[in-house]
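For reference, upload.txt (compact mmCIF, C-alpha atoms):
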```txt
# COMPACT_ATOMS: atom_id res chain seq x y z
CA MET A 425 0.00 0.00 0.00
CA VAL A 426 1.43 3.33 -1.04
CA VAL A 427 0.13 6.68 0.17
CA ALA A 428 1.32 9.92 -1.48
CA VAL A 429 1.31 12.96 0.80
CA SER A 430 3.07 16.31 0.26
CA GLY A 431 5.22 14.95 -2.54
CA PHE A 432 6.55 11.92 -0.62
CA SER A 433 6.01 8.21 -1.15
CA ILE A 434 5.00 6.88 2.27
CA LEU A 435 5.25 3.13 2.77
CA ILE A 436 3.30 1.52 5.62
CA SER A 437 5.54 -0.80 7.59
CA SER A 438 4.63 -4.46 7.13
CA CYS A 439 5.49 -5.34 10.73
CA ARG A 440 1.95 -4.54 11.99
CA ARG A 441 -1.16 -4.83 9.84
CA ASP A 442 -4.10 -5.53 12.17
CA LYS A 443 -7.41 -3.64 12.35
CA ASP A 444 -6.27 -1.39 15.21
CA ASP A 445 -3.33 -0.27 13.10
CA ASP A 446 -5.62 0.78 10.25
CA THR A 447 -7.66 2.91 12.69
CA ILE A 448 -4.56 4.67 13.95
CA ILE A 449 -3.26 5.20 10.42
CA ASN A 450 -6.52 6.85 9.38
CA THR A 451 -6.80 9.14 12.41
CA GLU A 452 -3.15 9.92 13.25
CA THR A 453 -1.74 11.32 10.02
CA THR A 454 1.98 11.69 9.49
CA GLU A 455 1.82 15.04 7.70
CA TYR A 456 3.45 16.92 10.59
CA ALA A 457 6.54 14.76 10.27
CA GLU A 458 6.53 14.76 6.47
CA GLU A 459 6.49 18.56 6.35
CA GLN A 460 9.20 18.80 9.00
CA LEU A 461 11.31 16.40 6.94
CA ILE A 462 11.10 18.80 3.99
CA LEU A 463 11.86 21.84 6.12
CA GLU A 464 14.85 20.38 7.99
CA GLN A 465 16.48 19.03 4.84
CA ILE A 466 16.01 22.16 2.73
CA TYR A 467 17.39 24.58 5.32
CA SER A 468 20.33 22.33 6.19
CA ASN A 469 21.03 22.00 2.48
CA ALA A 470 21.04 25.79 2.07
CA ASP A 471 23.71 25.96 4.78
CA ARG A 472 25.75 23.47 2.76
CA VAL A 473 25.51 25.59 -0.39
CA VAL A 474 26.55 28.73 1.48
CA ASP A 475 29.44 26.93 3.20
CA ARG A 476 30.64 25.67 -0.17
CA ALA A 477 30.47 29.09 -1.81
CA LEU A 478 32.24 30.87 1.05
CA ALA A 479 34.95 28.21 1.27
CA LEU A 480 35.71 28.26 -2.45
CA GLY A 481 35.56 32.02 -2.95
CA VAL A 482 34.39 33.87 -6.04
CA SER A 483 37.60 33.26 -8.02
CA SER A 484 37.11 29.49 -7.77
CA LEU A 485 33.47 29.73 -8.82
CA LYS A 486 34.17 31.18 -12.26
CA GLY A 487 34.54 29.07 -15.40
CA GLY A 488 35.20 25.39 -15.88
CA GLU A 489 33.21 22.82 -13.97
CA HIS A 490 31.25 24.99 -11.60
CA PRO A 491 31.26 23.60 -8.04
CA LEU A 492 27.67 24.81 -7.45
CA GLY A 493 26.28 24.10 -10.91
CA GLY A 494 27.23 25.63 -14.28
CA CYS A 495 24.18 27.92 -14.33
CA THR A 496 25.06 29.59 -11.01
CA GLU A 497 26.37 33.15 -10.81
CA VAL A 498 28.16 34.30 -7.66
CA LYS A 499 28.97 37.92 -6.88
CA VAL A 500 30.39 39.65 -3.81
CA ASP A 501 29.70 43.27 -2.84
CA THR A 502 32.46 44.59 -0.58
CA THR A 503 31.50 48.27 -0.74
CA THR A 504 28.34 48.64 1.36
CA ASN A 505 29.69 47.90 4.83
CA PRO A 506 33.36 47.80 5.90
CA ASP A 507 32.75 44.80 8.17
CA ILE A 508 30.02 42.90 6.30
CA ASP A 509 30.23 41.63 2.72
CA LEU A 510 27.27 40.48 0.64
CA MET A 511 27.62 37.34 -1.45
CA THR A 512 24.78 36.77 -3.92
CA ILE A 513 24.39 33.21 -5.14
CA ASP A 514 22.08 33.43 -8.16
CA PHE A 515 20.61 30.24 -9.63
CA GLY A 516 18.56 32.08 -12.26
CA GLY A 517 14.91 31.54 -13.10
CA ALA A 518 14.95 28.59 -15.47
CA GLY A 519 16.05 25.86 -13.06
CA CYS A 520 19.72 25.26 -12.28
CA LEU A 521 20.90 21.65 -11.84
CA GLY A 522 23.33 21.69 -8.92
CA TYR A 523 26.34 19.62 -7.93
CA ASP A 524 24.09 17.45 -5.72
CA GLY A 525 21.42 16.71 -8.32
CA ARG A 526 18.93 19.24 -6.96
CA VAL A 527 17.32 21.89 -9.16
CA ARG A 528 17.30 25.42 -7.78
CA THR A 529 16.03 28.83 -8.83
CA GLY A 530 16.21 32.27 -7.24
CA LYS A 531 18.91 33.69 -5.00
CA LEU A 532 20.63 33.24 -1.68
CA LEU A 533 21.76 36.57 -0.23
CA VAL A 534 24.54 35.96 2.28
CA TYR A 535 25.69 38.76 4.58
CA TYR A 536 28.85 37.70 6.42
CA ALA A 537 31.62 39.11 8.59
CA ASN A 538 34.55 39.69 6.28
CA LYS A 539 37.31 40.15 8.83
CA VAL A 540 36.59 37.10 11.00
CA LYS A 541 36.96 33.42 10.15
CA SER A 542 34.00 31.14 10.72
CA ILE A 543 35.76 29.49 13.69
CA GLU A 544 36.66 32.73 15.44
CA ALA A 545 34.81 34.79 18.02
CA GLY A 546 32.67 37.46 16.40
CA TYR A 547 31.84 35.49 13.28
CA TYR A 548 28.34 36.16 11.96
CA ARG A 549 26.37 35.51 8.80
CA LYS A 550 22.80 35.91 7.64
CA THR A 551 21.27 34.04 4.70
CA VAL A 552 18.15 35.57 3.13
CA PHE A 553 16.03 33.50 0.73
CA ASN A 554 15.06 35.61 -2.28
CA MET A 555 12.54 33.80 -4.55
CA TYR A 556 14.54 30.67 -3.78
CA THR A 557 13.26 27.21 -4.70
CA VAL A 558 14.69 23.70 -4.40
CA ASP A 559 13.09 20.97 -6.50
CA ARG A 560 9.97 23.18 -6.77
CA HIS A 561 9.73 23.83 -3.02
CA LYS A 562 9.59 27.59 -2.53
CA VAL A 563 11.59 28.76 0.49
CA GLY A 564 11.24 31.99 2.46
CA GLY A 565 12.60 33.58 5.60
CA TYR A 566 16.20 33.85 6.72
CA ARG A 567 18.87 32.17 8.86
CA GLU A 568 21.33 33.88 11.20
CA MET A 569 24.47 32.15 12.45
CA TRP A 570 26.95 33.10 15.19
CA TYR A 571 30.15 31.42 16.32
CA ASN A 572 29.59 29.71 19.66
CA GLY A 573 33.09 28.61 20.70
CA THR A 574 34.24 25.06 21.44
CA GLY A 575 32.45 24.30 24.71
CA THR A 576 32.97 21.02 26.56
CA THR A 577 33.33 18.88 23.42
CA GLY A 578 36.33 20.78 22.08
CA ASN A 579 34.59 21.04 18.69
CA HIS A 580 33.75 24.37 17.10
CA SER A 581 30.03 25.16 17.01
CA HIS A 582 27.62 27.81 15.80
CA ASN A 583 24.21 28.93 16.99
CA ILE A 584 21.58 29.27 14.28
CA VAL A 585 18.28 31.12 14.55
CA SER A 586 15.97 30.58 11.59
CA VAL A 587 12.71 32.23 10.54
CA ASP A 588 11.23 29.53 8.35
CA THR A 589 8.71 29.42 5.53
CA ILE A 590 8.27 26.43 3.24
CA TYR A 591 5.56 26.49 0.55
CA LEU A 592 4.23 22.99 -0.06
CA PRO A 593 3.65 21.52 -3.55
CA ALA A 594 0.39 21.84 -5.49
CA SER A 595 -0.52 25.13 -3.77
CA SER A 596 -1.37 23.20 -0.60
CA GLY A 597 -0.25 25.96 1.74
CA LYS A 598 2.83 26.72 3.78
CA VAL A 599 4.59 25.83 7.00
CA THR A 600 5.95 28.77 8.99
CA GLY A 601 7.78 29.11 12.27
CA THR A 602 11.07 29.64 14.02
CA SER A 603 13.81 27.19 14.87
CA MET A 604 16.97 27.25 16.96
CA ARG A 605 19.93 25.03 16.24
CA THR A 606 23.40 24.44 17.60
CA ARG A 607 25.59 23.19 14.75
CA GLU A 608 28.67 21.36 16.02
CA TRP A 609 31.49 20.98 13.51
CA PHE A 610 32.26 17.38 14.35
CA GLN A 611 34.75 16.51 11.59
CA GLY A 612 36.70 18.18 8.76
CA VAL A 613 37.50 21.51 10.38
CA SER A 614 41.24 21.12 9.76
CA THR A 615 40.98 20.58 5.98
CA PRO A 616 40.28 23.20 3.27
CA GLN A 617 37.67 21.15 1.37
CA THR A 618 34.09 20.76 2.53
CA ALA A 619 33.48 17.19 1.32
CA ASP A 620 34.81 15.65 4.54
CA ASP A 621 32.86 17.97 6.86
CA ILE A 622 30.40 16.42 9.30
CA TYR A 623 28.04 18.47 11.47
CA ARG A 624 25.83 17.52 14.41
CA LEU A 625 22.63 19.49 14.91
CA THR A 626 20.61 19.92 18.09
CA GLY A 627 17.79 22.31 18.93
CA THR A 628 14.08 23.08 19.02
CA GLY A 629 11.37 24.80 16.99
CA ASN A 630 7.75 25.99 16.88
CA PHE A 631 5.66 25.89 13.71
CA ILE A 632 2.23 26.52 12.17
CA ARG A 633 0.86 24.21 9.48
CA PRO A 634 -1.27 25.22 6.46
CA LYS A 635 -4.61 24.96 8.28
CA GLY A 636 -3.40 26.64 11.46
CA GLU A 637 -2.38 23.54 13.43
CA ILE A 638 0.60 24.19 15.67
CA TYR A 639 3.43 21.92 16.70
CA SER A 640 6.75 22.08 18.47
CA LEU A 641 9.80 19.89 18.14
CA GLU A 642 13.02 18.93 19.81
CA ILE A 643 15.98 17.03 18.44
CA ALA A 644 16.21 14.05 20.77
CA LYS A 645 19.32 12.55 19.17
CA PRO A 646 21.69 14.86 17.23
CA LEU A 647 21.03 15.01 13.51
CA VAL A 648 24.16 14.14 11.53
CA ASP A 649 24.76 16.17 8.38
CA ALA A 650 27.74 14.57 6.61
CA LEU A 651 28.60 16.52 3.49
CA ASN A 652 29.70 13.42 1.58
CA CYS A 653 26.05 12.32 1.65
CA ASN A 654 23.12 14.16 0.04
CA TRP A 655 20.84 13.82 3.07
CA ILE A 656 20.77 14.03 6.83
CA ASN A 657 21.43 10.39 7.61
CA GLU A 658 21.30 9.98 11.38
CA GLY A 659 19.39 11.29 14.40
CA VAL A 660 15.91 11.52 15.90
CA THR A 661 13.43 14.40 16.13
CA ASN A 662 10.38 14.37 18.41
CA ILE A 663 7.40 16.33 17.08
CA TYR A 664 4.62 17.47 19.44
CA PRO A 665 1.37 18.51 17.71
CA GLY A 666 -0.81 20.81 19.79
CA ASP A 667 -3.77 18.40 19.79
CA ALA A 668 -2.45 15.01 18.69
CA THR A 669 -0.01 12.22 19.47
CA LYS A 670 3.75 12.73 19.40
CA ARG A 671 5.46 11.86 16.14
CA VAL A 672 8.99 10.44 16.13
CA LEU A 673 11.08 11.14 13.04
CA ASP A 674 14.10 8.82 12.78
CA TYR A 675 16.76 9.58 10.16
CA GLY A 676 18.60 6.29 10.68
CA GLU A 677 21.99 5.22 11.97
CA GLY A 678 24.39 6.68 9.41
CA ASP A 679 23.69 4.87 6.14
CA CYS A 680 23.80 7.28 3.21
CA ASP A 681 20.27 6.96 1.86
CA ASN A 682 17.15 9.11 1.74
CA ASP A 683 15.04 6.90 4.00
CA ALA A 684 13.55 8.19 7.24
CA ILE A 685 11.08 6.43 9.53
CA ILE A 686 8.01 8.16 10.96
CA ASN A 687 6.62 6.51 14.10
CA VAL A 688 3.14 7.30 15.42
CA ASN A 689 1.88 5.19 18.32
CA GLY A 690 4.26 2.41 17.32
CA ILE A 691 3.10 2.38 13.71
CA LYS A 692 6.05 3.05 11.41
CA ARG A 693 6.14 4.44 7.92
CA ILE A 694 9.11 5.01 5.63
CA ALA A 695 9.36 8.48 4.09
CA LYS A 696 11.76 9.62 1.39
CA ILE A 697 13.89 12.64 2.28
CA PRO A 698 13.86 15.17 -0.60
```
Take the structure in the file and give it back as structure tokens.
Amino acid sequence: MVVAVSGFSILISSCRRDKDDDTIINTETTEYAEEQLILEQIYSNADRVVDRALALGVSSLKGGEHPLGGCTEVKVDTTTNPDIDLMTIDFGGAGCLGYDGRVRTGKLLVYYANKVKSIEAGYYRKTVFNMYTVDRHKVGGYREMWYNGTGTTGNHSHNIVSVDTIYLPASSGKVTGTSMRTREWFQGVSTPQTADDIYRLTGTGNFIRPKGEIYSLEIAKPLVDALNCNWINEGVTNIYPGDATKRVLDYGEGDCDNDAIINVNGIKRIAKIP
């Protein structure tokens, strides 16, 4: 049995198929978790794109095999503010096939501290989504990031505050809210390339769904964002609807695939991460 919701193929787990399960499946929908899956992946992916552009620099993004996609134009304005530069990552309007197989349009406007490295005190950046889409998902809002030191782990980390808006496919509305993340740079900090970078994400959020339903979330087990994989591939998020049962969103144990498991009252479904 296959159920299509919000652009995902949702497979009902075969481990439990009795009548009580069917009742729960009909009354406890998984849309909260499906929408959060879209939101988490798209915003984390935008951070990846920005990291890649800032690490490579404009000179490396011109000509040849473009590291962000051959249809991408990157410009830096260094004249407006002596301490803050503006990098514009422009994917155009026709649909730009990126290095990771995703199709993007619109722009990412990245305001960043130009005199401070990303692993130094005082580092700051803000990413604004300007008519930005990923695989036809329209994205709004902005993300702000500050350097947070090394803390008890000894790993560099950043705090991220995000004002989120994701427009769902087929004009089915939008999910809005705010989220807070701590992004720990777990691996790859000592090398110049980004391909070996691994981040761990923790945090919370509060959101409103298309019909006004509210939910909150917490990351119960750190989400692992390894840049040599196209998807978040480890970690657990607990989702708390305002008037329904908790959803558990499980990204797995580190295998590089786009499978995630949604668990509602012990009934599990597999969802495909975009």
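Minimum atom-to-atom distance to Arg671 (chain A), evaluated using only C-alpha atoms, belongs to A:Asn689 out of A:Asn657, A:Asn469, A:Asn689, A:Thr576.
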Distance query Asn583 (chain A) at most 7 Å, only C-alpha atoms, self and fewer than 2 positions along chain excluded, as a compact mmCIF listing (two decimals) with C-alpha atoms, keeping the file's coordinate frame:
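Saved file out.txt follows:
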```txt
# COMPACT_ATOMS: atom_id res chain seq x y z
CA MET A 569 24.47 32.15 12.45
CA TRP A 570 26.95 33.10 15.19
CA TYR A 571 30.15 31.42 16.32
CA ASN A 572 29.59 29.71 19.66
CA SER A 581 30.03 25.16 17.01
CA VAL A 585 18.28 31.12 14.55
CA ARG A 605 19.93 25.03 16.24
CA THR A 606 23.40 24.44 17.60
CA ARG A 607 25.59 23.19 14.75
```
Neighbouring residues of Gly517 (chain A) were defined as those with any atom within 9 Å, considering all atoms listed in the file; residues of the same chain fewer than 5 positions away were excluded. Please report them as a compact mmCIF listing (two decimals) with C-alpha atoms, in the frame of the given file.
```
# COMPACT_ATOMS: atom_id res chain seq x y z
CA ARG A 528 17.30 25.42 -7.78
CA THR A 529 16.03 28.83 -8.83
CA GLY A 530 16.21 32.27 -7.24
```
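Separating CA of Ser542 (chain A) from CA of Val474 (chain A) is a distance of 12.1 Å.
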| message | Give me the residues near Lys645 (chain A) as a PyMOL selection string, where near means some atom within 10 Å (using all atoms listed in the file) and where sequence neighbours in that chain fewer than 2 positions away do not count. | response | chain A and resi 624-627+642-643+647-648+658-662+674-675
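The nearest approach to Gly494 (chain A) among the residues A:Val527, A:Leu478, A:Ile656, A:Ile462, with all atoms listed in the file taken into account, belongs to A:Val527.
Atom pair CA of Val587 (chain A) / CA of Asn505 (chain A): separated by 23.8 Å.
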Emit as AutoDock Vina command-line options the padded axis-aligned box for all listed atoms of region 460-471 of chain A, 3 Å per side, with centre and edge lengths in Å to one decimal.
```
--center_x 16.5 --center_y 21.2 --center_z 5.5 --size_x 20.5 --size_y 15.6 --size_z 12.9
```
| Distance of CA of Leu463 (chain A) from CA of Asp683 (chain A), expressed in Å to one decimal place | 15.4 Å
| request: Fewer than 3 positions away in the same chain doesn't count, so skip those; otherwise give me all residues within 10 Å of Gln460 (chain A), counting only C-alpha atoms, as a list in words. | output: Glu455, Tyr456, Ala457, Leu463, Glu464, Gln465, Ile466, Ile590, Val599, Phe631, Arg633, Leu641, Thr661, Ile663 and Leu673 of chain A
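Each of A:Thr628, A:Asp524, A:Thr669, A:Met604 was checked against Cys653 (chain A) using only C-alpha atoms; the smallest atom-to-atom distance is that of A:Asp524.
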| said: Need to verify the contact set: Gly546 (chain A), 12 Å, all atoms listed in the file, exclusion of same-chain residues closer than 3 positions in sequence. Can you return it as a PyMOL selection string? | reply: chain A and resi 507-508+536-543+549+569-573+582
Could those residues be written to a file, using C-alpha atoms, as a PDB file, in the frame of the given file?
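Saved to selection.pdb:
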```
ATOM      1  CA  ASP A 507      32.750  44.800   8.170  1.00  0.00           C
ATOM      2  CA  ILE A 508      30.020  42.900   6.300  1.00  0.00           C
ATOM      3  CA  TYR A 536      28.850  37.700   6.420  1.00  0.00           C
ATOM      4  CA  ALA A 537      31.620  39.110   8.590  1.00  0.00           C
ATOM      5  CA  ASN A 538      34.550  39.690   6.280  1.00  0.00           C
ATOM      6  CA  LYS A 539      37.310  40.150   8.830  1.00  0.00           C
ATOM      7  CA  VAL A 540      36.590  37.100  11.000  1.00  0.00           C
ATOM      8  CA  LYS A 541      36.960  33.420  10.150  1.00  0.00           C
ATOM      9  CA  SER A 542      34.000  31.140  10.720  1.00  0.00           C
ATOM     10  CA  ILE A 543      35.760  29.490  13.690  1.00  0.00           C
ATOM     11  CA  ARG A 549      26.370  35.510   8.800  1.00  0.00           C
ATOM     12  CA  MET A 569      24.470  32.150  12.450  1.00  0.00           C
ATOM     13  CA  TRP A 570      26.950  33.100  15.190  1.00  0.00           C
ATOM     14  CA  TYR A 571      30.150  31.420  16.320  1.00  0.00           C
ATOM     15  CA  ASN A 572      29.590  29.710  19.660  1.00  0.00           C
ATOM     16  CA  GLY A 573      33.090  28.610  20.700  1.00  0.00           C
ATOM     17  CA  HIS A 582      27.620  27.810  15.800  1.00  0.00           C
TER      18      HIS A 582
END
```
| message | Using all atoms listed in the file, list the residues that have an atom at most 8 Å from (4.6, 28.1, 13.7), coordinates as in the file, as a list of chain:residue names. | response | A:Val599, A:Thr600, A:Gly601, A:Thr602, A:Asn630, A:Phe631, A:Ile632, A:Arg633, A:Ile638, A:Tyr639, A:Ser640
| query | Quick one: of A:Tyr591, A:Ala545, A:Val672, A:Asn554, who's nearest to Thr574 (chain A), counting all atoms listed in the file? | reply | A:Ala545
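Among the candidate residues A:Thr557, A:Ser468, A:Thr615, A:Asn652, the one lying nearest to Cys680 (chain A) is A:Asn652, with distances computed using only C-alpha atoms.
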